[in-house]
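To be precise, the following lines are model25.pdb, and they hold PDB, C-alpha atoms.
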ATOM      1  CA  MET A   1     -64.577  -1.656  31.844
ATOM      2  CA  LEU A   2     -61.264  -1.751  33.682
ATOM      3  CA  THR A   3     -60.657  -5.464  33.141
ATOM      4  CA  GLN A   4     -61.472  -5.545  29.422
ATOM      5  CA  ASN A   5     -57.920  -6.469  28.418
ATOM      6  CA  VAL A   6     -57.336  -9.140  31.048
ATOM      7  CA  LEU A   7     -56.664 -12.423  29.193
ATOM      8  CA  ARG A   8     -58.125 -10.875  26.044
ATOM      9  CA  ASN A   9     -57.469 -13.109  23.024
ATOM     10  CA  ARG A  10     -55.529 -15.632  25.096
ATOM     11  CA  THR A  11     -56.206 -19.355  25.200
ATOM     12  CA  SER A  12     -57.918 -18.912  28.561
ATOM     13  CA  GLU A  13     -60.376 -15.998  28.414
ATOM     14  CA  LEU A  14     -62.579 -14.714  31.215
ATOM     15  CA  SER A  15     -66.303 -15.439  31.067
ATOM     16  CA  ALA A  16     -68.672 -12.495  31.521
ATOM     17  CA  GLU A  17     -69.415 -13.645  35.070
ATOM     18  CA  GLU A  18     -65.731 -13.953  35.921
ATOM     19  CA  ARG A  19     -64.985 -10.542  34.472
ATOM     20  CA  SER A  20     -67.809  -9.059  36.507
ATOM     21  CA  LEU A  21     -66.511 -10.678  39.679
ATOM     22  CA  LEU A  22     -62.976  -9.413  39.001
ATOM     23  CA  GLU A  23     -64.315  -5.942  38.238
ATOM     24  CA  GLY A  24     -66.118  -5.988  41.563
ATOM     25  CA  ALA A  25     -62.880  -6.779  43.380
ATOM     26  CA  ILE A  26     -61.343  -3.451  42.314
ATOM     27  CA  SER A  27     -61.349  -0.948  45.139
ATOM     28  CA  ARG A  28     -60.173   2.102  43.179
ATOM     29  CA  THR A  29     -58.125   3.329  40.258
ATOM     30  CA  GLN A  30     -54.986   5.413  40.530
ATOM     31  CA  PHE A  31     -52.881   7.510  38.168
ATOM     32  CA  PHE A  32     -49.079   7.470  38.228
ATOM     33  CA  PRO A  33     -46.889   9.733  36.111
ATOM     34  CA  ALA A  34     -44.131   8.291  33.913
ATOM     35  CA  GLY A  35     -41.127   7.331  35.996
ATOM     36  CA  ALA A  36     -43.020   6.787  39.264
ATOM     37  CA  VAL A  37     -42.279   3.639  41.232
ATOM     38  CA  VAL A  38     -45.683   2.032  41.784
ATOM     39  CA  VAL A  39     -44.570  -0.933  43.878
ATOM     40  CA  ARG A  40     -41.210  -0.794  45.598
ATOM     41  CA  GLN A  41     -38.973  -3.808  46.179
ATOM     42  CA  GLY A  42     -39.126  -5.230  49.695
ATOM     43  CA  VAL A  43     -42.029  -3.101  50.915
ATOM     44  CA  PRO A  44     -44.912  -5.167  52.387
ATOM     45  CA  VAL A  45     -48.040  -4.940  50.209
ATOM     46  CA  ASN A  46     -51.673  -5.884  50.763
ATOM     47  CA  VAL A  47     -52.966  -4.934  47.312
ATOM     48  CA  SER A  48     -52.198  -6.019  43.749
ATOM     49  CA  VAL A  49     -52.112  -3.775  40.706
ATOM     50  CA  LEU A  50     -53.827  -4.303  37.364
ATOM     51  CA  LEU A  51     -52.535  -2.133  34.519
ATOM     52  CA  VAL A  52     -55.435  -0.375  32.791
ATOM     53  CA  ALA A  53     -53.664   2.148  30.531
ATOM     54  CA  GLY A  54     -50.040   2.920  29.686
ATOM     55  CA  LEU A  55     -46.884   0.843  29.941
ATOM     56  CA  MET A  56     -45.142  -0.364  33.080
ATOM     57  CA  THR A  57     -41.855  -2.117  33.738
ATOM     58  CA  ARG A  58     -40.380  -4.396  36.313
ATOM     59  CA  HIS A  59     -36.784  -3.689  37.010
ATOM     60  CA  VAL A  60     -34.019  -4.986  39.178
ATOM     61  CA  ASP A  61     -31.540  -2.503  40.612
ATOM     62  CA  ALA A  62     -28.144  -4.145  40.935
ATOM     63  CA  ARG A  63     -25.778  -3.277  43.761
ATOM     64  CA  ASP A  64     -23.502  -1.474  41.336
ATOM     65  CA  GLY A  65     -26.337   0.955  40.605
ATOM     66  CA  LYS A  66     -27.243  -0.474  37.206
ATOM     67  CA  ARG A  67     -30.938  -0.862  36.457
ATOM     68  CA  HIS A  68     -32.103  -3.760  34.348
ATOM     69  CA  LEU A  69     -35.584  -4.016  32.872
ATOM     70  CA  VAL A  70     -36.845  -7.560  33.366
ATOM     71  CA  ALA A  71     -40.400  -7.078  32.118
ATOM     72  CA  VAL A  72     -42.518  -4.641  30.163
ATOM     73  CA  HIS A  73     -46.221  -4.644  30.896
ATOM     74  CA  VAL A  74     -49.131  -3.673  28.687
ATOM     75  CA  PRO A  75     -52.767  -2.940  29.609
ATOM     76  CA  GLY A  76     -54.547  -6.010  30.941
ATOM     77  CA  ASP A  77     -51.439  -7.287  32.726
ATOM     78  CA  PHE A  78     -51.819  -7.972  36.445
ATOM     79  CA  VAL A  79     -48.381  -6.580  37.132
ATOM     80  CA  ASP A  80     -47.928  -7.839  40.679
ATOM     81  CA  LEU A  81     -50.504 -10.535  41.178
ATOM     82  CA  HIS A  82     -47.650 -12.597  42.561
ATOM     83  CA  ALA A  83     -47.535 -10.133  45.471
ATOM     84  CA  TYR A  84     -50.818 -11.685  46.619
ATOM     85  CA  ALA A  85     -48.848 -14.763  47.627
ATOM     86  CA  LEU A  86     -45.424 -13.250  48.202
ATOM     87  CA  LYS A  87     -46.596 -10.141  50.158
ATOM     88  CA  LYS A  88     -43.554  -8.209  49.000
ATOM     89  CA  LEU A  89     -41.714  -7.994  45.717
ATOM     90  CA  ASP A  90     -38.108  -8.816  44.881
ATOM     91  CA  HIS A  91     -38.069  -6.034  42.266
ATOM     92  CA  ASP A  92     -39.575  -2.621  41.603
ATOM     93  CA  VAL A  93     -42.626  -2.032  39.432
ATOM     94  CA  ALA A  94     -42.608   1.349  37.735
ATOM     95  CA  ALA A  95     -44.580   3.460  35.283
ATOM     96  CA  LEU A  96     -42.764   3.675  31.952
ATOM     97  CA  THR A  97     -45.399   6.099  30.657
ATOM     98  CA  ASP A  98     -48.221   7.856  32.468
ATOM     99  CA  VAL A  99     -50.363   4.979  33.672
ATOM    100  CA  THR A 100     -53.747   4.246  35.163
ATOM    101  CA  VAL A 101     -53.957   1.190  37.365
ATOM    102  CA  ALA A 102     -56.761  -0.619  39.152
ATOM    103  CA  ILE A 103     -56.093  -1.590  42.751
ATOM    104  CA  LEU A 104     -57.303  -4.945  44.055
ATOM    105  CA  PRO A 105     -56.994  -5.512  47.813
ATOM    106  CA  HIS A 106     -55.655  -8.939  48.680
ATOM    107  CA  GLU A 107     -58.717  -9.557  50.818
ATOM    108  CA  SER A 108     -60.829  -9.271  47.616
ATOM    109  CA  LEU A 109     -58.558 -11.770  45.871
ATOM    110  CA  GLU A 110     -58.880 -14.017  48.912
ATOM    111  CA  ARG A 111     -62.662 -13.885  48.509
ATOM    112  CA  ILE A 112     -62.399 -14.829  44.823
ATOM    113  CA  GLN A 113     -60.172 -17.736  45.786
ATOM    114  CA  GLN A 114     -62.823 -18.946  48.233
ATOM    115  CA  ILE A 115     -65.878 -18.657  45.987
ATOM    116  CA  ASP A 116     -64.710 -19.162  42.395
ATOM    117  CA  PRO A 117     -62.122 -21.852  41.646
ATOM    118  CA  ASP A 118     -62.378 -21.300  37.857
ATOM    119  CA  LEU A 119     -61.530 -17.607  38.136
ATOM    120  CA  THR A 120     -58.794 -18.490  40.615
ATOM    121  CA  ARG A 121     -57.330 -20.841  38.029
ATOM    122  CA  ARG A 122     -57.414 -18.060  35.417
ATOM    123  CA  LEU A 123     -55.620 -15.715  37.801
ATOM    124  CA  TRP A 124     -53.029 -18.432  38.296
ATOM    125  CA  PHE A 125     -52.819 -18.663  34.490
ATOM    126  CA  LEU A 126     -51.909 -14.956  34.472
ATOM    127  CA  THR A 127     -48.916 -15.478  36.739
ATOM    128  CA  LEU A 128     -47.908 -18.509  34.652
ATOM    129  CA  LEU A 129     -48.007 -16.288  31.571
ATOM    130  CA  ASP A 130     -45.574 -13.992  33.350
ATOM    131  CA  ALA A 131     -43.334 -16.954  34.101
ATOM    132  CA  ALA A 132     -43.454 -18.125  30.477
ATOM    133  CA  THR A 133     -42.509 -14.657  29.299
ATOM    134  CA  HIS A 134     -39.625 -14.486  31.772
ATOM    135  CA  ARG A 135     -38.320 -17.820  30.471
ATOM    136  CA  GLN A 136     -38.393 -16.411  26.961
ATOM    137  CA  TRP A 137     -36.554 -13.275  28.071
ATOM    138  CA  ILE A 138     -33.824 -15.439  29.625
ATOM    139  CA  TYR A 139     -33.522 -17.387  26.376
ATOM    140  CA  ARG A 140     -33.438 -14.140  24.404
ATOM    141  CA  LEU A 141     -30.576 -12.687  26.413
ATOM    142  CA  ALA A 142     -28.623 -15.930  26.668
ATOM    143  CA  SER A 143     -28.808 -17.193  23.128
ATOM    144  CA  LEU A 144     -29.806 -14.524  20.628
ATOM    145  CA  SER A 145     -27.657 -12.038  18.791
ATOM    146  CA  ALA A 146     -28.181  -8.314  19.207
ATOM    147  CA  MET A 147     -30.359  -8.078  16.111
ATOM    148  CA  GLN A 148     -32.359 -11.158  17.069
ATOM    149  CA  ARG A 149     -32.956  -9.780  20.569
ATOM    150  CA  VAL A 150     -34.362  -6.481  19.330
ATOM    151  CA  ALA A 151     -36.390  -8.171  16.600
ATOM    152  CA  HIS A 152     -37.725 -10.692  19.119
ATOM    153  CA  PHE A 153     -38.754  -7.957  21.551
ATOM    154  CA  LEU A 154     -40.547  -6.062  18.779
ATOM    155  CA  CYS A 155     -42.361  -9.224  17.602
ATOM    156  CA  GLU A 156     -43.362 -10.033  21.173
ATOM    157  CA  THR A 157     -44.611  -6.514  21.841
ATOM    158  CA  ASN A 158     -46.530  -6.511  18.568
ATOM    159  CA  ALA A 159     -48.179  -9.798  19.546
ATOM    160  CA  ARG A 160     -49.113  -8.632  23.036
ATOM    161  CA  LEU A 161     -50.498  -5.332  21.767
ATOM    162  CA  LEU A 162     -52.325  -7.118  18.949
ATOM    163  CA  ALA A 163     -54.116  -9.207  21.576
ATOM    164  CA  ILE A 164     -55.501  -6.098  23.267
ATOM    165  CA  GLY A 165     -56.268  -4.172  20.088
ATOM    166  CA  ALA A 166     -53.335  -1.758  20.469
ATOM    167  CA  SER A 167     -51.551  -2.984  17.335
ATOM    168  CA  ASP A 168     -53.141  -3.496  13.948
ATOM    169  CA  GLY A 169     -50.802  -6.437  13.441
ATOM    170  CA  SER A 170     -47.900  -4.470  12.038
ATOM    171  CA  SER A 171     -47.984  -0.970  13.470
ATOM    172  CA  PHE A 172     -48.102   0.200  17.063
ATOM    173  CA  ALA A 173     -47.115   2.976  19.406
ATOM    174  CA  LEU A 174     -44.099   2.081  21.515
ATOM    175  CA  PRO A 175     -43.326   4.968  23.881
ATOM    176  CA  MET A 176     -39.873   3.649  24.730
ATOM    177  CA  THR A 177     -36.495   5.189  24.086
ATOM    178  CA  GLN A 178     -33.630   3.355  22.444
ATOM    179  CA  ALA A 179     -32.054   3.278  25.908
ATOM    180  CA  ASP A 180     -35.163   1.495  27.250
ATOM    181  CA  ILE A 181     -34.916  -1.080  24.470
ATOM    182  CA  GLY A 182     -31.241  -1.376  25.324
ATOM    183  CA  GLU A 183     -32.133  -2.203  28.923
ATOM    184  CA  VAL A 184     -34.578  -4.846  27.748
ATOM    185  CA  CYS A 185     -32.064  -6.398  25.373
ATOM    186  CA  SER A 186     -28.871  -5.790  27.402
ATOM    187  CA  LEU A 187     -27.408  -3.660  24.647
ATOM    188  CA  THR A 188     -25.869  -0.210  24.643
ATOM    189  CA  ASN A 189     -27.702   2.680  23.068
ATOM    190  CA  VAL A 190     -25.288   2.746  20.147
ATOM    191  CA  HIS A 191     -25.781  -0.983  19.587
ATOM    192  CA  VAL A 192     -29.576  -0.635  19.603
ATOM    193  CA  SER A 193     -29.289   2.270  17.214
ATOM    194  CA  ARG A 194     -27.258   0.189  14.775
ATOM    195  CA  VAL A 195     -29.554  -2.809  15.039
ATOM    196  CA  LEU A 196     -32.606  -0.636  14.360
ATOM    197  CA  ARG A 197     -30.840   0.808  11.319
ATOM    198  CA  GLU A 198     -30.014  -2.707  10.093
ATOM    199  CA  LEU A 199     -33.614  -3.847  10.583
ATOM    200  CA  ARG A 200     -34.766  -0.818   8.610
ATOM    201  CA  GLU A 201     -32.235  -1.434   5.829
ATOM    202  CA  LEU A 202     -33.316  -5.066   5.617
ATOM    203  CA  GLY A 203     -36.872  -3.864   5.075
ATOM    204  CA  LEU A 204     -38.129  -5.583   8.224
ATOM    205  CA  CYS A 205     -39.293  -2.729  10.456
ATOM    206  CA  GLN A 206     -38.921   0.924  11.357
ATOM    207  CA  PHE A 207     -38.863   2.556  14.776
ATOM    208  CA  ARG A 208     -39.360   6.293  14.702
ATOM    209  CA  SER A 209     -40.875   8.812  17.090
ATOM    210  CA  SER A 210     -42.073   6.124  19.503
ATOM    211  CA  HIS A 211     -43.839   4.256  16.732
ATOM    212  CA  VAL A 212     -43.024   0.861  15.244
ATOM    213  CA  VAL A 213     -43.980  -0.076  11.711
ATOM    214  CA  ILE A 214     -43.258  -3.679  10.812
ATOM    215  CA  THR A 215     -42.835  -3.799   7.075
ATOM    216  CA  ASP A 216     -42.246  -7.549   6.852
ATOM    217  CA  LEU A 217     -43.653  -9.382   9.851
ATOM    218  CA  ARG A 218     -42.808 -12.830   8.535
ATOM    219  CA  GLY A 219     -39.247 -11.739   7.859
ATOM    220  CA  LEU A 220     -38.921 -10.055  11.239
ATOM    221  CA  ALA A 221     -40.270 -13.122  13.059
ATOM    222  CA  ALA A 222     -37.864 -15.340  11.124
ATOM    223  CA  ALA A 223     -34.920 -13.052  11.906
ATOM    224  CA  ALA A 224     -35.928 -13.067  15.589
ATOM    225  CA  LEU A 225     -36.529 -16.842  15.790
ATOM    226  CA  PHE A 226     -39.864 -15.695  17.244
ATOM    227  CA  GLU A 227     -42.562 -18.254  17.976
ATOM    228  CA  PRO A 228     -45.554 -16.819  19.877
ATOM    229  CA  GLY A 229     -46.551 -20.079  21.600
ATOM    230  CA  TYR A 230     -45.302 -18.901  24.990
ATOM    231  CA  LEU A 231     -47.806 -16.023  24.932
ATOM    232  CA  PHE A 232     -50.744 -18.447  24.900
ATOM    233  CA  LEU A 233     -52.715 -16.367  22.410
ATOM    234  CA  ASN A 234     -55.882 -17.742  20.890
ATOM    235  CA  PRO A 235     -55.260 -19.427  17.515
ATOM    236  CA  GLN A 236     -56.384 -16.483  15.369
ATOM    237  CA  THR A 237     -54.265 -13.961  17.244
ATOM    238  CA  ALA A 238     -51.270 -16.306  17.336
ATOM    239  CA  ALA A 239     -51.487 -16.787  13.563
ATOM    240  CA  ARG A 240     -51.560 -13.029  12.999
ATOM    241  CA  ALA A 241     -48.695 -12.470  15.463
ATOM    242  CA  ALA A 242     -46.505 -14.897  13.533
ATOM    243  CA  ALA A 243     -47.719 -13.739  10.090
ATOM    244  CA  GLN A 244     -49.093 -17.176   9.336
ATOM    245  CA  ASN A 245     -52.338 -15.869   7.893
ATOM    246  CA  GLY A 246     -51.092 -13.977   4.850
ATOM    247  CA  GLU A 247     -50.980 -10.544   6.468
ATOM    248  CA  ALA A 248     -51.027  -7.720   3.942
ATOM    249  CA  ASN A 249     -47.703  -6.386   5.149
ATOM    250  CA  ASP A 250     -45.854  -9.511   4.125
ATOM    251  CA  ARG A 251     -43.493  -8.692   1.303
ATOM    252  CA  GLU A 252     -44.092 -12.151  -0.115
ATOM    253  CA  SER A 253     -47.883 -11.856  -0.195
TER     254      SER A 253
ATOM    255  CA  MET B   1     -35.991 -36.292  16.850
ATOM    256  CA  THR B   2     -32.626 -34.627  16.300
ATOM    257  CA  GLU B   3     -30.405 -33.798  19.219
ATOM    258  CA  SER B   4     -30.055 -30.083  19.941
ATOM    259  CA  ARG B   5     -26.631 -28.480  19.876
ATOM    260  CA  SER B   6     -25.265 -27.939  23.351
ATOM    261  CA  ALA B   7     -24.857 -24.282  24.235
ATOM    262  CA  LEU B   8     -21.817 -25.268  26.279
ATOM    263  CA  GLU B   9     -19.695 -26.445  23.343
ATOM    264  CA  PRO B  10     -16.807 -24.162  22.311
ATOM    265  CA  ARG B  11     -17.745 -22.116  19.265
ATOM    266  CA  GLU B  12     -15.880 -22.583  16.033
ATOM    267  CA  ASP B  13     -17.304 -19.436  14.444
ATOM    268  CA  ALA B  14     -15.746 -16.064  15.242
ATOM    269  CA  GLY B  15     -17.338 -12.961  16.656
ATOM    270  CA  ARG B  16     -17.610  -9.882  14.442
ATOM    271  CA  ALA B  17     -16.144  -6.609  15.641
ATOM    272  CA  THR B  18     -17.182  -3.328  14.040
ATOM    273  CA  ALA B  19     -16.707   0.350  14.813
ATOM    274  CA  GLU B  20     -19.762   2.518  15.372
ATOM    275  CA  ASP B  21     -19.864   6.100  16.617
ATOM    276  CA  GLY B  22     -16.417   5.926  18.203
ATOM    277  CA  VAL B  23     -16.862   2.612  19.996
ATOM    278  CA  VAL B  24     -16.332  -1.033  19.107
ATOM    279  CA  ILE B  25     -19.277  -3.419  18.920
ATOM    280  CA  LEU B  26     -18.623  -7.132  19.220
ATOM    281  CA  ASP B  27     -21.411  -9.332  17.886
ATOM    282  CA  GLY B  28     -21.271 -13.040  18.488
ATOM    283  CA  PRO B  29     -20.508 -15.758  18.485
ATOM    284  CA  ASP B  30     -23.816 -16.948  19.909
ATOM    285  CA  GLY B  31     -25.354 -14.466  22.364
ATOM    286  CA  VAL B  32     -22.323 -12.210  22.750
ATOM    287  CA  ALA B  33     -23.270  -8.551  22.246
ATOM    288  CA  VAL B  34     -20.850  -6.107  23.800
ATOM    289  CA  THR B  35     -19.902  -2.492  23.219
ATOM    290  CA  MET B  36     -16.390  -1.428  24.238
ATOM    291  CA  THR B  37     -14.245   1.649  24.044
ATOM    292  CA  ALA B  38     -11.382   1.443  21.563
ATOM    293  CA  ASP B  39      -8.916   1.005  24.443
ATOM    294  CA  ALA B  40     -10.951  -1.825  25.987
ATOM    295  CA  ALA B  41     -11.324  -3.461  22.577
ATOM    296  CA  GLU B  42      -7.577  -3.379  21.969
ATOM    297  CA  LYS B  43      -6.866  -4.873  25.406
ATOM    298  CA  THR B  44      -9.503  -7.556  24.790
ATOM    299  CA  ALA B  45      -7.969  -8.306  21.384
ATOM    300  CA  ALA B  46      -4.505  -8.679  22.938
ATOM    301  CA  SER B  47      -5.905 -10.872  25.708
ATOM    302  CA  LEU B  48      -7.752 -13.051  23.192
ATOM    303  CA  HIS B  49      -4.639 -13.343  21.050
ATOM    304  CA  GLU B  50      -2.535 -14.427  24.021
ATOM    305  CA  ALA B  51      -5.178 -16.893  25.224
ATOM    306  CA  ALA B  52      -5.516 -18.391  21.737
ATOM    307  CA  LYS B  53      -1.733 -18.897  21.621
ATOM    308  CA  LYS B  54      -1.800 -20.729  24.957
ATOM    309  CA  ALA B  55      -4.789 -22.836  23.901
ATOM    310  CA  ARG B  56      -2.842 -23.991  20.819
ATOM    311  CA  GLU B  57       0.082 -24.906  23.070
ATOM    312  CA  HIS B  58      -2.289 -27.025  25.194
ATOM    313  CA  LEU B  59      -3.416 -28.863  22.071
ATOM    314  CA  ALA B  60       0.155 -29.349  20.875
ATOM    315  CA  ARG B  61       1.093 -30.922  24.213
ATOM    316  CA  GLY B  62      -1.797 -33.309  23.695
TER     317      GLY B  62
END
Structure re-expressed in structure tokens:
Amino acid sequence: MLTQNVLRNRTSELSAEERSLLEGAISRTQFFPAGAVVVRQGVPVNVSVLLVAGLMTRHVDARDGKRHLVAVHVPGDFVDLHAYALKKLDHDVAALTDVTVAILPHESLERIQQIDPDLTRRLWFLTLLDAATHRQWIYRLASLSAMQRVAHFLCETNARLLAIGASDGSSFALPMTQADIGEVCSLTNVHVSRVLRELRELGLCQFRSSHVVITDLRGLAAAALFEPGYLFLNPQTAARAAAQNGEANDRES
Amino acid sequence: MTESRSALEPREDAGRATAEDGVVILDGPDGVAVTMTADAAEKTAASLHEAAKKAREHLARG
């Protein structure tokens, strides 16, 4: 099922009927190789894209040529649902890894809006989740130290992947380079490298060969000032994401 | 409910500069996280030193 990860383990989950209706709104799936721009800034669009497999990013290209990652998307994210209302994006959406996406024509979303107000509200919830995450990214860049930023991003990614079954709560594949993490956290490669070394030396987590192992989730979350409330996870998933349920990888447990 | 610290207040804690792989990393205070070449770091240090001197003069004038 292409929509299996949409709102999975969030506070507002899809009913079976809603999932079926959303599934029926998909016109086709499409593969994009890593690095491809899937939705280009400023180009009129009449479809929205649901990420089925792989990782995607939103990025803003500044006039001086610098690219800045402003969002990382995981399977189940409706990466440009906001294009349904906006009709063109103010940023690019790109494939960070090879990705498979489901395409939903705006006319299908229009039909959902007309016949199912509850599902419409859940789709709205999805864009509000995006907004909540953006607010947290602003906070992260404005107020956190380099180590806190990286730790916060890793906690957030762990939580989001935990919700869709792509993290076991402390270990997950993260096919990003240190430079990618640097773009997310506004840090140079050398700074990210040092922070990752410090996190490893503190016994909090390891990032090697595109794989993250969190060795002390409670410690990492504390170092990051990470609180998962803004992700609107269901209570069980939120507790695991913040190591409030005595996870086995806690050094203290 | 305690009042939160304003992010706009001048910081009294210093940033920490360290060398790493031939560049200078400045961490803090607050959300500052910058990597500079050695030349840029030295110019920044001189500029900070000069600005700090002038700030003290402002305070002395009352």
Nearby residues (all atoms listed in the file) at most 12 Å from Thr44 of chain B, same-chain spacing under 5 positions excluded, as an NGL selection string: :B and (17 or 24 or 26 or 34-39 or 49-52)
Interface, chain A side, toward chain B (6 Å; only C-alpha atoms) as a PyMOL selection string: chain A and resi 142-146
Distance of atom CA of Ser108 of chain A from atom CA of Gly24 of chain A, expressed in Å to one decimal place: 8.7 Å
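Atom CA of Arg218 of chain A is positioned 26.1 Å from atom CA of Val70 of chain A.
Nearest residue to Ile26 of chain A, choosing from A:Leu187, A:Ala102, A:Arg240, A:Asp61 and counting only C-alpha atoms: A:Ala102.
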Residues near segment 153-167 of chain A, cut-off 8 Å, all atoms listed in the file, skip fewer than 4 positions along chain, as a PyMOL selection string: chain A and resi 5+8-10+74-76+149+171-173+185+217+220-221+224+226+228+231+233+237-238+241
Answer as a PDB file with C-alpha atoms, keeping the file's coordinate frame, residues within 12 Å of (-51.2, -10.2, 35.7) using only C-alpha atoms:
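Wrote part.pdb, looks like this:
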ATOM      1  CA  THR A   3     -60.657  -5.464  33.141  1.00  0.00           C
ATOM      2  CA  ASN A   5     -57.920  -6.469  28.418  1.00  0.00           C
ATOM      3  CA  VAL A   6     -57.336  -9.140  31.048  1.00  0.00           C
ATOM      4  CA  LEU A   7     -56.664 -12.423  29.193  1.00  0.00           C
ATOM      5  CA  ARG A   8     -58.125 -10.875  26.044  1.00  0.00           C
ATOM      6  CA  SER A  48     -52.198  -6.019  43.749  1.00  0.00           C
ATOM      7  CA  VAL A  49     -52.112  -3.775  40.706  1.00  0.00           C
ATOM      8  CA  LEU A  50     -53.827  -4.303  37.364  1.00  0.00           C
ATOM      9  CA  LEU A  51     -52.535  -2.133  34.519  1.00  0.00           C
ATOM     10  CA  VAL A  52     -55.435  -0.375  32.791  1.00  0.00           C
ATOM     11  CA  MET A  56     -45.142  -0.364  33.080  1.00  0.00           C
ATOM     12  CA  ALA A  71     -40.400  -7.078  32.118  1.00  0.00           C
ATOM     13  CA  VAL A  72     -42.518  -4.641  30.163  1.00  0.00           C
ATOM     14  CA  HIS A  73     -46.221  -4.644  30.896  1.00  0.00           C
ATOM     15  CA  VAL A  74     -49.131  -3.673  28.687  1.00  0.00           C
ATOM     16  CA  PRO A  75     -52.767  -2.940  29.609  1.00  0.00           C
ATOM     17  CA  GLY A  76     -54.547  -6.010  30.941  1.00  0.00           C
ATOM     18  CA  ASP A  77     -51.439  -7.287  32.726  1.00  0.00           C
ATOM     19  CA  PHE A  78     -51.819  -7.972  36.445  1.00  0.00           C
ATOM     20  CA  VAL A  79     -48.381  -6.580  37.132  1.00  0.00           C
ATOM     21  CA  ASP A  80     -47.928  -7.839  40.679  1.00  0.00           C
ATOM     22  CA  LEU A  81     -50.504 -10.535  41.178  1.00  0.00           C
ATOM     23  CA  HIS A  82     -47.650 -12.597  42.561  1.00  0.00           C
ATOM     24  CA  ALA A  83     -47.535 -10.133  45.471  1.00  0.00           C
ATOM     25  CA  TYR A  84     -50.818 -11.685  46.619  1.00  0.00           C
ATOM     26  CA  VAL A 101     -53.957   1.190  37.365  1.00  0.00           C
ATOM     27  CA  ALA A 102     -56.761  -0.619  39.152  1.00  0.00           C
ATOM     28  CA  LEU A 104     -57.303  -4.945  44.055  1.00  0.00           C
ATOM     29  CA  ARG A 122     -57.414 -18.060  35.417  1.00  0.00           C
ATOM     30  CA  LEU A 123     -55.620 -15.715  37.801  1.00  0.00           C
ATOM     31  CA  TRP A 124     -53.029 -18.432  38.296  1.00  0.00           C
ATOM     32  CA  PHE A 125     -52.819 -18.663  34.490  1.00  0.00           C
ATOM     33  CA  LEU A 126     -51.909 -14.956  34.472  1.00  0.00           C
ATOM     34  CA  THR A 127     -48.916 -15.478  36.739  1.00  0.00           C
ATOM     35  CA  LEU A 128     -47.908 -18.509  34.652  1.00  0.00           C
ATOM     36  CA  LEU A 129     -48.007 -16.288  31.571  1.00  0.00           C
ATOM     37  CA  ASP A 130     -45.574 -13.992  33.350  1.00  0.00           C
ATOM     38  CA  ALA A 131     -43.334 -16.954  34.101  1.00  0.00           C
ATOM     39  CA  THR A 133     -42.509 -14.657  29.299  1.00  0.00           C
TER      40      THR A 133
END
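For the choices A:Val38, A:Leu21, A:Asn245, A:Thr215, the atom-to-atom distance to Asp116 of chain A is smallest for A:Leu21 when using only C-alpha atoms.
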Point-to-point distance from atom CA of Gln206 of chain A to atom CA of Tyr139 of chain A, Å rounded to tenths: 24.3 Å
As AutoDock Vina command-line options, please report the centre and edge lengths, rounded to one decimal in Å, of the axis-aligned box that holds all listed atoms of segment 41-44 of chain B with 5 Å of padding on each of the six sides.
--center_x -9.1 --center_y -5.5 --center_z 23.7 --size_x 14.5 --size_y 14.2 --size_z 13.4
As a check of understanding, name the residues that the PyMOL selection byres ((chain A and resi 193-203) around 7) selects in the supplied structure, as a CSV table (one decimal) with C-alpha atoms, in the coordinates of the input.
chain,number,residue,atom,x,y,z
A,147,MET,CA,-30.4,-8.1,16.1
A,178,GLN,CA,-33.6,3.4,22.4
A,189,ASN,CA,-27.7,2.7,23.1
A,190,VAL,CA,-25.3,2.7,20.1
A,191,HIS,CA,-25.8,-1.0,19.6
A,192,VAL,CA,-29.6,-0.6,19.6
A,204,LEU,CA,-38.1,-5.6,8.2
A,205,CYS,CA,-39.3,-2.7,10.5
A,206,GLN,CA,-38.9,0.9,11.4
A,215,THR,CA,-42.8,-3.8,7.1
A,216,ASP,CA,-42.2,-7.5,6.9
Neighbour list for segment 40-45 of chain A as a PyMOL selection string, cut-off 9 Å, all atoms listed in the file, skip fewer than 3 positions in-chain: chain A and resi 37+48+60+83-84+86-94+106
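The residue that comes closest to Gly54 of chain A, out of A:Met1, A:Ile112, A:Val213, A:Met176 and on the basis of all atoms listed in the file, is A:Met176.
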